[in-house]
file protein.cif (mmCIF, C-alpha atoms and all ligand atoms)
data_upload
#
loop_
_atom_site.group_PDB
_atom_site.id
_atom_site.type_symbol
_atom_site.label_atom_id
_atom_site.label_comp_id
_atom_site.auth_asym_id
_atom_site.auth_seq_id
_atom_site.Cartn_x
_atom_site.Cartn_y
_atom_site.Cartn_z
ATOM 1 C CA MET C 1 109.061 114.098 104.304
ATOM 2 C CA PHE C 2 108.173 111.479 101.772
ATOM 3 C CA GLU C 3 106.582 112.795 98.623
ATOM 4 C CA VAL C 4 104.358 110.879 96.256
ATOM 5 C CA TYR C 5 106.131 110.424 92.966
ATOM 6 C CA ALA C 6 104.278 111.422 89.847
ATOM 7 C CA TYR C 7 104.329 109.254 86.796
ATOM 8 C CA ALA C 8 104.515 110.692 83.278
ATOM 9 C CA ASP C 9 102.741 108.485 80.766
ATOM 10 C CA GLY C 10 103.400 108.160 77.024
ATOM 11 C CA ASP C 11 101.808 111.428 75.934
ATOM 12 C CA GLY C 12 103.594 113.429 78.608
ATOM 13 C CA GLU C 13 100.594 113.733 80.889
ATOM 14 C CA VAL C 14 101.580 113.417 84.532
ATOM 15 C CA ARG C 15 99.427 110.910 86.349
ATOM 16 C CA VAL C 16 99.220 111.074 90.127
ATOM 17 C CA LYS C 17 95.988 109.150 90.539
ATOM 18 C CA GLN C 18 97.831 106.494 92.529
ATOM 19 C CA PRO C 19 101.119 106.309 94.417
ATOM 20 C CA ALA C 20 103.400 104.902 91.741
ATOM 21 C CA TYR C 21 106.273 104.475 94.176
ATOM 22 C CA TRP C 22 107.865 101.904 91.935
ATOM 23 C CA THR C 23 108.434 104.422 89.146
ATOM 24 C CA VAL C 24 111.166 106.237 91.047
ATOM 25 C CA ALA C 25 114.483 106.624 89.328
ATOM 26 C CA HIS C 26 117.808 105.678 90.946
ATOM 27 C CA GLY C 27 117.879 102.275 89.159
ATOM 28 C CA VAL C 28 115.340 100.835 91.580
ATOM 29 C CA ALA C 29 113.811 98.473 89.015
ATOM 30 C CA VAL C 30 117.156 96.964 87.980
ATOM 31 C CA ASN C 31 118.180 96.521 91.614
ATOM 32 C CA TYR C 32 114.772 95.036 92.387
ATOM 33 C CA GLN C 33 115.270 92.383 89.729
ATOM 34 C CA THR C 34 118.875 91.736 90.788
ATOM 35 C CA TYR C 35 118.496 91.675 94.590
ATOM 36 C CA VAL C 36 114.847 91.267 95.603
ATOM 37 C CA VAL C 37 113.523 88.892 92.940
ATOM 38 C CA PRO C 38 115.894 85.933 93.533
ATOM 39 C CA ALA C 39 115.834 86.072 97.348
ATOM 40 C CA VAL C 40 112.250 87.138 98.013
ATOM 41 C CA ILE C 41 109.949 87.211 94.993
ATOM 42 C CA ARG C 42 110.854 83.910 93.347
ATOM 43 C CA PRO C 43 110.172 81.593 96.340
ATOM 44 C CA PHE C 44 106.908 83.342 97.197
ATOM 45 C CA ALA C 45 105.762 83.536 93.550
ATOM 46 C CA LYS C 46 106.315 79.779 93.246
ATOM 47 C CA ARG C 47 103.880 79.257 96.125
ATOM 48 C CA LEU C 48 101.326 81.574 94.515
ATOM 49 C CA LEU C 49 101.451 79.578 91.285
ATOM 50 C CA GLU C 50 100.995 76.322 93.183
ATOM 51 C CA ALA C 51 97.788 77.774 94.659
ATOM 52 C CA ALA C 52 96.610 79.322 91.362
ATOM 53 C CA GLU C 53 96.948 76.028 89.434
ATOM 54 C CA PRO C 54 97.387 77.389 85.895
ATOM 55 C CA ARG C 55 96.542 74.856 83.174
ATOM 56 C CA PRO C 56 97.891 74.351 79.655
ATOM 57 C CA GLY C 57 96.014 76.647 77.276
ATOM 58 C CA ASN C 58 95.030 79.181 79.963
ATOM 59 C CA ARG C 59 95.048 82.872 79.122
ATOM 60 C CA VAL C 60 96.760 84.370 82.163
ATOM 61 C CA LEU C 61 96.851 88.014 83.217
ATOM 62 C CA ASP C 62 99.615 89.052 85.645
ATOM 63 C CA VAL C 63 98.474 92.380 87.126
ATOM 64 C CA ALA C 64 101.217 94.577 88.688
ATOM 65 C CA CYS C 65 103.734 92.310 86.973
ATOM 66 C CA GLY C 66 106.671 94.578 87.852
ATOM 67 C CA THR C 67 109.823 93.195 86.275
ATOM 68 C CA GLY C 68 107.809 90.177 85.080
ATOM 69 C CA GLU C 69 109.118 87.275 87.190
ATOM 70 C CA LEU C 70 105.728 85.616 87.719
ATOM 71 C CA SER C 71 104.826 85.993 84.025
ATOM 72 C CA ARG C 72 108.046 84.290 82.996
ATOM 73 C CA MET C 73 107.462 81.538 85.561
ATOM 74 C CA VAL C 74 103.904 80.721 84.447
ATOM 75 C CA ALA C 75 104.468 80.990 80.666
ATOM 76 C CA PRO C 76 105.875 77.443 80.106
ATOM 77 C CA THR C 77 102.876 75.841 81.896
ATOM 78 C CA VAL C 78 100.254 77.414 79.619
ATOM 79 C CA GLN C 79 102.094 77.233 76.289
ATOM 80 C CA PRO C 80 101.785 76.603 73.401
ATOM 81 C CA GLU C 81 98.116 77.633 73.089
ATOM 82 C CA GLY C 82 97.973 79.654 76.299
ATOM 83 C CA SER C 83 99.259 83.188 76.755
ATOM 84 C CA VAL C 84 100.449 85.512 79.501
ATOM 85 C CA THR C 85 99.849 89.257 79.622
ATOM 86 C CA GLY C 86 101.911 91.206 82.144
ATOM 87 C CA VAL C 87 100.464 94.592 83.091
ATOM 88 C CA ASP C 88 102.119 97.327 85.167
ATOM 89 C CA PRO C 89 101.977 101.154 85.197
ATOM 90 C CA SER C 90 105.708 101.553 85.879
ATOM 91 C CA ILE C 91 107.718 102.046 82.728
ATOM 92 C CA GLU C 92 110.905 101.370 84.724
ATOM 93 C CA MET C 93 109.709 97.989 86.009
ATOM 94 C CA LEU C 94 108.361 97.055 82.556
ATOM 95 C CA GLY C 95 111.627 98.234 80.999
ATOM 96 C CA VAL C 96 113.467 95.527 82.951
ATOM 97 C CA ALA C 97 110.819 92.946 81.971
ATOM 98 C CA ARG C 98 111.222 93.865 78.305
ATOM 99 C CA ALA C 99 115.019 93.628 78.508
ATOM 100 C CA LEU C 100 115.032 90.078 79.923
ATOM 101 C CA PRO C 101 114.737 86.901 77.828
ATOM 102 C CA THR C 102 111.009 86.133 77.708
ATOM 103 C CA PRO C 103 108.983 83.177 76.377
ATOM 104 C CA GLY C 104 107.186 83.979 73.100
ATOM 105 C CA ASN C 105 103.691 83.732 74.590
ATOM 106 C CA VAL C 106 104.216 86.682 76.970
ATOM 107 C CA THR C 107 103.122 90.265 76.200
ATOM 108 C CA TRP C 108 103.871 93.351 78.332
ATOM 109 C CA ILE C 109 101.363 96.203 78.611
ATOM 110 C CA GLU C 110 101.670 99.505 80.462
ATOM 111 C CA ALA C 111 98.428 99.962 82.413
ATOM 112 C CA TYR C 112 96.846 100.436 85.811
ATOM 113 C CA ALA C 113 94.860 97.648 87.463
ATOM 114 C CA ASP C 114 91.673 99.705 87.429
ATOM 115 C CA ASP C 115 91.859 100.465 83.704
ATOM 116 C CA LEU C 116 92.870 97.310 81.848
ATOM 117 C CA PRO C 117 93.125 97.565 78.044
ATOM 118 C CA LEU C 118 91.721 94.054 77.572
ATOM 119 C CA ALA C 119 88.435 92.713 76.190
ATOM 120 C CA ASP C 120 85.596 91.460 78.404
ATOM 121 C CA GLY C 121 85.857 87.757 79.233
ATOM 122 C CA SER C 122 89.257 87.337 77.581
ATOM 123 C CA ILE C 123 91.214 85.914 80.564
ATOM 124 C CA ASP C 124 90.962 82.568 82.403
ATOM 125 C CA LEU C 125 93.247 83.294 85.338
ATOM 126 C CA VAL C 126 94.365 86.558 86.937
ATOM 127 C CA VAL C 127 97.433 86.424 89.181
ATOM 128 C CA ILE C 128 98.753 89.298 91.282
ATOM 129 C CA HIS C 129 101.949 88.943 93.263
ATOM 130 C CA GLN C 130 102.463 91.650 95.902
ATOM 131 C CA GLY C 131 100.540 94.220 93.883
ATOM 132 C CA MET C 132 97.000 94.431 95.218
ATOM 133 C CA GLN C 133 98.063 96.325 98.352
ATOM 134 C CA PHE C 134 99.291 99.201 96.150
ATOM 135 C CA PHE C 135 96.031 99.697 94.228
ATOM 136 C CA PRO C 136 94.465 102.924 95.478
ATOM 137 C CA ASP C 137 90.946 101.947 94.387
ATOM 138 C CA LYS C 138 90.669 98.244 95.120
ATOM 139 C CA PRO C 139 86.912 97.883 94.411
ATOM 140 C CA LYS C 140 87.445 99.460 90.981
ATOM 141 C CA ALA C 141 90.444 97.235 90.255
ATOM 142 C CA LEU C 142 88.463 94.146 91.278
ATOM 143 C CA GLN C 143 85.596 95.224 89.008
ATOM 144 C CA GLU C 144 88.023 95.528 86.112
ATOM 145 C CA ILE C 145 89.516 92.138 86.901
ATOM 146 C CA ARG C 146 86.042 90.638 86.992
ATOM 147 C CA ARG C 147 85.196 92.253 83.648
ATOM 148 C CA VAL C 148 88.187 90.736 81.841
ATOM 149 C CA LEU C 149 87.742 87.272 83.405
ATOM 150 C CA VAL C 150 85.618 84.531 81.831
ATOM 151 C CA PRO C 151 82.434 83.775 83.842
ATOM 152 C CA GLU C 152 84.070 80.917 85.768
ATOM 153 C CA GLY C 153 87.447 82.690 86.014
ATOM 154 C CA THR C 154 89.940 82.581 88.874
ATOM 155 C CA LEU C 155 91.782 85.325 90.746
ATOM 156 C CA ALA C 156 94.838 84.287 92.767
ATOM 157 C CA PHE C 157 96.910 86.872 94.594
ATOM 158 C CA SER C 158 99.376 87.272 97.395
ATOM 159 C CA SER C 159 99.821 90.214 99.703
ATOM 160 C CA TRP C 160 102.245 90.587 102.613
ATOM 161 C CA ARG C 161 100.697 90.034 106.025
ATOM 162 C CA SER C 162 100.963 92.872 108.541
ATOM 163 C CA HIS C 163 104.235 93.923 110.157
ATOM 164 C CA GLU C 164 103.423 91.675 113.118
ATOM 165 C CA TYR C 165 104.293 88.730 110.847
ATOM 166 C CA ASN C 166 107.142 90.514 109.054
ATOM 167 C CA PRO C 167 109.481 91.632 111.847
ATOM 168 C CA VAL C 168 112.456 92.475 109.623
ATOM 169 C CA ASN C 169 110.375 94.818 107.513
ATOM 170 C CA ARG C 170 108.780 96.271 110.619
ATOM 171 C CA ALA C 171 112.201 97.015 112.093
ATOM 172 C CA THR C 172 113.579 98.733 108.990
ATOM 173 C CA ALA C 173 110.319 100.593 108.307
ATOM 174 C CA SER C 174 110.298 102.001 111.833
ATOM 175 C CA VAL C 175 113.837 103.355 111.377
ATOM 176 C CA ILE C 176 112.928 104.898 108.028
ATOM 177 C CA GLU C 177 109.864 106.494 109.560
ATOM 178 C CA LYS C 178 111.895 107.843 112.489
ATOM 179 C CA PHE C 179 114.507 109.428 110.213
ATOM 180 C CA PHE C 180 112.504 110.428 107.160
ATOM 181 C CA GLY C 181 108.866 110.662 108.203
ATOM 182 C CA ARG C 182 105.963 108.720 106.757
ATOM 183 C CA PHE C 183 106.852 106.134 104.220
ATOM 184 C CA PRO C 184 104.694 103.967 101.924
ATOM 185 C CA ASP C 185 105.459 100.676 103.625
ATOM 186 C CA VAL C 186 104.291 101.936 107.005
ATOM 187 C CA THR C 187 101.257 103.815 105.740
ATOM 188 C CA PRO C 188 98.132 101.790 106.578
ATOM 189 C CA GLY C 189 96.751 100.027 103.530
ATOM 190 C CA VAL C 190 100.037 99.987 101.624
ATOM 191 C CA GLY C 191 102.906 97.496 101.563
ATOM 192 C CA PHE C 192 102.187 95.393 104.634
ATOM 193 C CA GLY C 193 98.703 96.601 105.435
ATOM 194 C CA PHE C 194 96.566 94.421 103.198
ATOM 195 C CA GLY C 195 97.081 90.808 104.120
ATOM 196 C CA GLU C 196 94.295 89.784 106.455
ATOM 197 C CA GLU C 197 90.973 88.136 105.707
ATOM 198 C CA ASP C 198 88.863 90.783 107.432
ATOM 199 C CA VAL C 199 90.315 93.403 105.070
ATOM 200 C CA PHE C 200 89.997 91.765 101.681
ATOM 201 C CA GLY C 201 87.241 89.138 102.328
ATOM 202 C CA PRO C 202 84.375 91.679 102.137
ATOM 203 C CA LEU C 203 86.010 93.470 99.196
ATOM 204 C CA LEU C 204 86.156 90.265 97.181
ATOM 205 C CA GLU C 205 82.564 89.386 97.999
ATOM 206 C CA GLN C 206 81.329 92.843 97.046
ATOM 207 C CA ALA C 207 83.107 92.484 93.706
ATOM 208 C CA GLY C 208 81.283 89.192 93.071
ATOM 209 C CA PHE C 209 84.108 86.775 93.903
ATOM 210 C CA ARG C 210 83.744 83.658 96.015
ATOM 211 C CA LEU C 211 86.656 83.265 98.428
ATOM 212 C CA GLU C 212 87.968 79.747 97.902
ATOM 213 C CA SER C 213 91.121 79.569 99.991
ATOM 214 C CA LEU C 214 93.350 81.600 102.253
ATOM 215 C CA GLN C 215 96.808 80.370 103.011
ATOM 216 C CA PRO C 216 99.395 82.116 105.173
ATOM 217 C CA VAL C 217 102.856 81.303 103.795
ATOM 218 C CA ARG C 218 106.041 81.955 105.750
ATOM 219 C CA ILE C 219 109.505 81.675 104.230
ATOM 220 C CA GLU C 220 112.932 82.453 105.671
ATOM 221 C CA ILE C 221 114.661 84.780 103.267
ATOM 222 C CA GLU C 222 118.434 84.440 103.077
ATOM 223 C CA TYR C 223 121.124 87.029 102.426
ATOM 224 C CA PRO C 224 124.886 86.752 103.008
ATOM 225 C CA SER C 225 124.729 89.183 105.960
ATOM 226 C CA ALA C 226 122.482 91.782 107.615
ATOM 227 C CA ASP C 227 124.595 94.492 106.009
ATOM 228 C CA GLU C 228 124.087 92.961 102.555
ATOM 229 C CA TYR C 229 120.365 92.613 103.177
ATOM 230 C CA LEU C 230 119.990 96.254 104.085
ATOM 231 C CA THR C 231 122.257 97.546 101.327
ATOM 232 C CA ARG C 232 120.354 95.580 98.692
ATOM 233 C CA GLN C 233 116.896 96.229 100.103
ATOM 234 C CA TRP C 234 117.454 99.966 100.379
ATOM 235 C CA SER C 235 118.641 100.185 96.788
ATOM 236 C CA ALA C 236 115.889 98.041 95.325
ATOM 237 C CA THR C 237 112.603 99.257 96.779
ATOM 238 C CA PRO C 238 110.869 102.628 97.048
ATOM 239 C CA SER C 239 113.049 103.401 100.080
ATOM 240 C CA ALA C 240 115.820 104.176 97.561
ATOM 241 C CA GLY C 241 113.962 107.324 96.505
ATOM 242 C CA VAL C 242 113.608 108.576 100.074
ATOM 243 C CA LEU C 243 117.238 107.815 100.938
ATOM 244 C CA ALA C 244 118.528 109.502 97.799
ATOM 245 C CA GLU C 245 116.756 112.686 98.819
ATOM 246 C CA HIS C 246 118.330 112.636 102.282
ATOM 247 C CA GLU C 247 121.938 111.614 101.684
ATOM 248 C CA GLU C 248 123.020 113.469 104.832
ATOM 249 C CA LEU C 249 121.010 111.089 107.051
ATOM 250 C CA ARG C 250 121.701 107.895 105.183
ATOM 251 C CA ASP C 251 124.689 106.565 107.163
ATOM 252 C CA GLU C 252 123.093 107.243 110.518
ATOM 253 C CA ALA C 253 119.809 105.646 109.444
ATOM 254 C CA PHE C 254 121.659 102.672 107.992
ATOM 255 C CA ALA C 255 123.553 102.070 111.264
ATOM 256 C CA ALA C 256 120.328 102.340 113.272
ATOM 257 C CA ALA C 257 118.498 99.883 111.005
ATOM 258 C CA LEU C 258 121.413 97.461 111.085
ATOM 259 C CA LYS C 259 121.295 97.461 114.867
ATOM 260 C CA GLU C 260 117.556 96.689 114.745
ATOM 261 C CA ILE C 261 117.950 93.653 112.471
ATOM 262 C CA GLU C 262 121.175 92.240 113.937
ATOM 263 C CA ARG C 263 119.167 89.652 115.840
ATOM 264 C CA PHE C 264 118.432 87.880 112.547
ATOM 265 C CA SER C 265 122.121 87.251 111.866
ATOM 266 C CA THR C 266 123.261 83.648 112.156
ATOM 267 C CA GLN C 267 126.575 81.882 111.646
ATOM 268 C CA ASP C 268 125.479 81.201 108.058
ATOM 269 C CA GLY C 269 124.371 84.729 107.253
ATOM 270 C CA PHE C 270 121.141 86.678 107.506
ATOM 271 C CA ARG C 271 117.888 84.681 107.882
ATOM 272 C CA GLY C 272 114.723 86.735 108.176
ATOM 273 C CA PRO C 273 111.133 85.476 108.194
ATOM 274 C CA MET C 274 108.613 86.939 105.761
ATOM 275 C CA GLU C 275 104.961 86.008 105.629
ATOM 276 C CA THR C 276 102.348 86.522 102.950
ATOM 277 C CA MET C 277 98.702 85.611 102.588
ATOM 278 C CA ILE C 278 97.864 83.694 99.428
ATOM 279 C CA VAL C 279 94.269 84.054 98.320
ATOM 280 C CA VAL C 280 92.323 82.166 95.673
ATOM 281 C CA ALA C 281 88.913 83.478 94.666
ATOM 282 C CA ARG C 282 86.536 82.413 91.902
ATOM 283 C CA LEU C 283 83.664 84.045 90.090
HETATM 284 C C1 LIG B 301 106.242 94.872 94.928
HETATM 285 S S1 LIG B 301 106.108 95.211 93.218
HETATM 286 C C2 LIG B 301 105.603 93.579 92.681
HETATM 287 C C3 LIG B 301 105.978 93.301 91.255
HETATM 288 C C4 LIG B 301 105.803 91.851 90.806
HETATM 289 N N1 LIG B 301 104.432 91.418 90.843
HETATM 290 C C5 LIG B 301 106.693 90.935 91.596
HETATM 291 O O1 LIG B 301 106.177 90.074 92.316
HETATM 292 O O2 LIG B 301 107.917 91.080 91.507
HETATM 293 C C6 LIG B 301 104.611 96.141 93.124
HETATM 294 C C7 LIG B 301 104.188 96.511 91.727
HETATM 295 O O3 LIG B 301 102.871 97.060 91.748
HETATM 296 C C8 LIG B 301 102.793 97.999 90.702
HETATM 297 N N2 LIG B 301 101.624 98.873 90.908
HETATM 298 C C9 LIG B 301 101.506 99.901 91.796
HETATM 299 N N3 LIG B 301 100.302 100.493 91.658
HETATM 300 C C10 LIG B 301 99.647 99.814 90.678
HETATM 301 C C11 LIG B 301 98.346 99.943 90.069
HETATM 302 N N4 LIG B 301 97.479 100.881 90.471
HETATM 303 N N5 LIG B 301 98.009 99.097 89.082
HETATM 304 C C12 LIG B 301 98.862 98.122 88.678
HETATM 305 N N6 LIG B 301 100.096 97.944 89.220
HETATM 306 C C13 LIG B 301 100.481 98.780 90.206
HETATM 307 C C14 LIG B 301 104.122 98.720 90.795
HETATM 308 O O4 LIG B 301 104.408 99.461 89.634
HETATM 309 C C15 LIG B 301 105.074 97.565 91.056
HETATM 310 O O5 LIG B 301 105.639 97.065 89.868
#
call {"tool": "encode", "arguments": {"input": "protein.cif", "output": "structure tokens"}}
result
Amino acid sequence: MFEVYAYADGDGEVRVKQPAYWTVAHGVAVNYQTYVVPAVIRPFAKRLLEAAEPRPGNRVLDVACGTGELSRMVAPTVQPEGSVTGVDPSIEMLGVARALPTPGNVTWIEAYADDLPLADGSIDLVVIHQGMQFFPDKPKALQEIRRVLVPEGTLAFSSWRSHEYNPVNRATASVIEKFFGRFPDVTPGVGFGFGEEDVFGPLLEQAGFRLESLQPVRIEIEYPSADEYLTRQWSATPSAGVLAEHEELRDEAFAAALKEIERFSTQDGFRGPMETMIVVARL
């Protein structure tokens, strides 16, 4: 069975207040940056920034920044006066961010979304790319985001739509669940369970945000082959932790998942649709 991974913070205290799946070892963060960011994160993050409309001079906060791709992408638009702060609780993900070449106006901070070490009203624009669905206490995180935003501040985030719109992920998640039991991506409310208006609309309103736009965005992700897709995906996401604990089942599970996603193979390689919701809300 899948176990929630604990996260040891700087003073050695083990924090389990939220499922920090992305802190698992096995080189997940490096593989995430190498395999998932170019093929999946970069094209979707570009669309989020188009919706967020950052301006020169803006102070931007990238919550759940992971390995920092969105922060690095937005930094040139807001410089020289503007700044970007990337926040994430995973020391592994931040470790990759810190190791990569980064524009001078970007700062990395280790923190949870519901406890931001930033002053009231110090941020113009908050962006969150595929992070909100992982926050265990979304109302609290939204309150914190509201606190750090200026009175007319903007929140722009993207969150995967449900498995119905993400058939590749649904196929692989169902195989993982069959072989290994419950897994974060198939647990309601996590991964692909927080991408519809009826879920986050009321939450945003309760937190004092005005929903400005909702945009479903679908992109075909491309990998050289189905085999390559699965190999990379399973080494670069929280599934790596589950698979590493069950080496004896790995080959069988891999073959079963490959069979499930074969239908997305084309003459030119693997082409799978992914769909996110992009949300812009203002105070
Ligand atoms: C799918 S990754 C997205 C990373 C990055 N935004 C990107 O687009 O590449 C999800 C991230 O959410 C972070 N995360 C999980 N729970 C969090 C929380 N409670 N507060 C802030 N970040 C969190 C994880 O550590 C991980 O880096």
call {"tool": "residues_near_ligand", "arguments": {"input": "protein.cif", "ligand": "ligand LIG 301 (chain B)", "cutoff": "9 Å", "atoms": "only C-alpha atoms and all ligand atoms", "output": "PyMOL selection string"}}
result
chain C and resi 17-23+29+32-33+36-37+40-42+44-45+62-71+87-94+110-115+127-138+141+158+191+237
call {"tool": "closest_residue", "arguments": {"input": "protein.cif", "among": "C:Pro38, C:Pro216, C:Gly208, C:Gly181", "to": "Trp160 of chain C", "atoms": "all atoms listed in the file"}}
result
C:Pro216
call {"tool": "closest_residue", "arguments": {"input": "protein.cif", "among": "C:Val30, C:Ala39, C:Ile261, C:Leu243", "to": "Ile219 of chain C", "atoms": "all atoms listed in the file"}}
result
C:Ala39
call {"tool": "closest_residue", "arguments": {"input": "protein.cif", "among": "C:Lys178, C:Arg72, C:Arg232, C:Arg218", "to": "Ser159 of chain C", "atoms": "all atoms listed in the file"}}
result
C:Arg218
call {"tool": "resolve_selection", "arguments": {"input": "protein.cif", "expression": "the PyMOL selection byres (((chain C and resi 49) around 10) and not hetatm)", "output": "CSV table (one decimal) with C-alpha atoms, keeping the file's coordinate frame"}}
result
chain,number,residue,atom,x,y,z
C,44,PHE,CA,106.9,83.3,97.2
C,45,ALA,CA,105.8,83.5,93.6
C,46,LYS,CA,106.3,79.8,93.2
C,47,ARG,CA,103.9,79.3,96.1
C,48,LEU,CA,101.3,81.6,94.5
C,50,GLU,CA,101.0,76.3,93.2
C,51,ALA,CA,97.8,77.8,94.7
C,52,ALA,CA,96.6,79.3,91.4
C,53,GLU,CA,96.9,76.0,89.4
C,54,PRO,CA,97.4,77.4,85.9
C,70,LEU,CA,105.7,85.6,87.7
C,73,MET,CA,107.5,81.5,85.6
C,74,VAL,CA,103.9,80.7,84.4
C,127,VAL,CA,97.4,86.4,89.2
C,129,HIS,CA,101.9,88.9,93.3
C,156,ALA,CA,94.8,84.3,92.8
C,157,PHE,CA,96.9,86.9,94.6
C,278,ILE,CA,97.9,83.7,99.4
call {"tool": "resolve_selection", "arguments": {"input": "protein.cif", "expression": "the PyMOL selection byres (((chain C and resi 118) around 10) and not hetatm)", "output": "PDB file with C-alpha atoms, in the coordinates of the input"}}
result
ATOM      1  CA  LEU C  61      96.851  88.014  83.217  1.00  0.00           C
ATOM      2  CA  THR C  85      99.849  89.257  79.622  1.00  0.00           C
ATOM      3  CA  ILE C 109     101.363  96.203  78.611  1.00  0.00           C
ATOM      4  CA  ASP C 115      91.859 100.465  83.704  1.00  0.00           C
ATOM      5  CA  LEU C 116      92.870  97.310  81.848  1.00  0.00           C
ATOM      6  CA  PRO C 117      93.125  97.565  78.044  1.00  0.00           C
ATOM      7  CA  ALA C 119      88.435  92.713  76.190  1.00  0.00           C
ATOM      8  CA  ASP C 120      85.596  91.460  78.404  1.00  0.00           C
ATOM      9  CA  GLY C 121      85.857  87.757  79.233  1.00  0.00           C
ATOM     10  CA  SER C 122      89.257  87.337  77.581  1.00  0.00           C
ATOM     11  CA  ILE C 123      91.214  85.914  80.564  1.00  0.00           C
ATOM     12  CA  GLU C 144      88.023  95.528  86.112  1.00  0.00           C
ATOM     13  CA  ILE C 145      89.516  92.138  86.901  1.00  0.00           C
ATOM     14  CA  ARG C 147      85.196  92.253  83.648  1.00  0.00           C
ATOM     15  CA  VAL C 148      88.187  90.736  81.841  1.00  0.00           C
ATOM     16  CA  LEU C 149      87.742  87.272  83.405  1.00  0.00           C
TER      17      LEU C 149
END
call {"tool": "resolve_selection", "arguments": {"input": "protein.cif", "expression": "the PyMOL selection byres (((chain C and resi 154) around 8) and not hetatm)", "output": "PyMOL selection string"}}
result
chain C and resi 52+124-126+149+152-153+155-156+280-283
call {"tool": "residues_around", "arguments": {"input": "protein.cif", "residues": "Phe254 of chain C", "least_positions_apart": "2", "cutoff": "10 Å", "atoms": "only C-alpha atoms", "output": "mmCIF file with C-alpha atoms, in the coordinates of the input"}}
result
data_model
loop_
_atom_site.group_PDB
_atom_site.id
_atom_site.type_symbol
_atom_site.label_atom_id
_atom_site.label_comp_id
_atom_site.auth_asym_id
_atom_site.auth_seq_id
_atom_site.Cartn_x
_atom_site.Cartn_y
_atom_site.Cartn_z
ATOM 1 C CA THR C 172 113.579 98.733 108.990
ATOM 2 C CA VAL C 175 113.837 103.355 111.377
ATOM 3 C CA ILE C 176 112.928 104.898 108.028
ATOM 4 C CA ASP C 227 124.595 94.492 106.009
ATOM 5 C CA LEU C 230 119.990 96.254 104.085
ATOM 6 C CA THR C 231 122.257 97.546 101.327
ATOM 7 C CA TRP C 234 117.454 99.966 100.379
ATOM 8 C CA LEU C 243 117.238 107.815 100.938
ATOM 9 C CA LEU C 249 121.010 111.089 107.051
ATOM 10 C CA ARG C 250 121.701 107.895 105.183
ATOM 11 C CA ASP C 251 124.689 106.565 107.163
ATOM 12 C CA GLU C 252 123.093 107.243 110.518
ATOM 13 C CA ALA C 256 120.328 102.340 113.272
ATOM 14 C CA ALA C 257 118.498 99.883 111.005
ATOM 15 C CA LEU C 258 121.413 97.461 111.085
ATOM 16 C CA LYS C 259 121.295 97.461 114.867
ATOM 17 C CA GLU C 260 117.556 96.689 114.745
#
call {"tool": "atom_distance", "arguments": {"input": "protein.cif", "atom1": "atom CA of Glu247 of chain C", "atom2": "atom CA of Glu177 of chain C"}}
result
15.3 Å
call {"tool": "atom_distance", "arguments": {"input": "protein.cif", "atom1": "atom CA of Val84 of chain C", "atom2": "atom CA of Thr107 of chain C"}}
result
6.4 Å
call {"tool": "residues_around", "arguments": {"input": "protein.cif", "residues": "Phe200 of chain C", "least_positions_apart": "2", "cutoff": "12 Å", "atoms": "only C-alpha atoms", "output": "JSON, numbers by chain"}}
result
{"C": [132, 133, 138, 139, 142, 157, 158, 159, 161, 189, 193, 194, 195, 196, 197, 198, 202, 203, 204, 205, 206, 207, 209, 210, 211, 214, 277, 278, 279, 280, 281]}
call {"tool": "atom_distance", "arguments": {"input": "protein.cif", "atom1": "atom CA of Pro273 of chain C", "atom2": "atom CA of Asn166 of chain C"}}
result
6.5 Å
call {"tool": "axis_aligned_box", "arguments": {"input": "protein.cif", "around": "segment 106-113 of chain C", "padding_each_side": "3 Å", "output": "lines of an AutoDock Vina configuration file"}}
result
center_x = 99.5
center_y = 93.6
center_z = 81.8
size_x = 15.4
size_y = 19.8
size_z = 17.3
call {"tool": "closest_residue", "arguments": {"input": "protein.cif", "among": "C:Glu262, C:Ala99, C:Glu248, C:Tyr165", "to": "Val217 of chain C", "atoms": "all atoms listed in the file"}}
result
C:Tyr165
call {"tool": "build_atoms", "arguments": {"input": "protein.cif", "residues": "segment 275-282 of chain C", "atoms": "N, CA and C atoms", "output": "PDB file, keeping the file's coordinate frame"}}
result
ATOM      1  N   GLU C 275     106.212  86.770 105.715  1.00  0.00           N
ATOM      2  CA  GLU C 275     104.961  86.008 105.629  1.00  0.00           C
ATOM      3  C   GLU C 275     103.943  86.743 104.758  1.00  0.00           C
ATOM      4  N   THR C 276     103.362  85.972 103.845  1.00  0.00           N
ATOM      5  CA  THR C 276     102.348  86.522 102.950  1.00  0.00           C
ATOM      6  C   THR C 276     101.048  85.774 103.138  1.00  0.00           C
ATOM      7  N   MET C 277      99.959  86.348 102.681  1.00  0.00           N
ATOM      8  CA  MET C 277      98.702  85.611 102.588  1.00  0.00           C
ATOM      9  C   MET C 277      98.504  85.299 101.110  1.00  0.00           C
ATOM     10  N   ILE C 278      98.165  84.060 100.816  1.00  0.00           N
ATOM     11  CA  ILE C 278      97.864  83.694  99.428  1.00  0.00           C
ATOM     12  C   ILE C 278      96.369  83.418  99.338  1.00  0.00           C
ATOM     13  N   VAL C 279      95.719  84.079  98.415  1.00  0.00           N
ATOM     14  CA  VAL C 279      94.269  84.054  98.320  1.00  0.00           C
ATOM     15  C   VAL C 279      93.848  83.539  96.946  1.00  0.00           C
ATOM     16  N   VAL C 280      92.909  82.609  96.947  1.00  0.00           N
ATOM     17  CA  VAL C 280      92.323  82.166  95.673  1.00  0.00           C
ATOM     18  C   VAL C 280      90.833  82.457  95.736  1.00  0.00           C
ATOM     19  N   ALA C 281      90.330  83.135  94.721  1.00  0.00           N
ATOM     20  CA  ALA C 281      88.913  83.478  94.666  1.00  0.00           C
ATOM     21  C   ALA C 281      88.381  83.141  93.277  1.00  0.00           C
ATOM     22  N   ARG C 282      87.127  82.749  93.226  1.00  0.00           N
ATOM     23  CA  ARG C 282      86.536  82.413  91.902  1.00  0.00           C
ATOM     24  C   ARG C 282      85.248  83.185  91.687  1.00  0.00           C
TER      25      ARG C 282
END
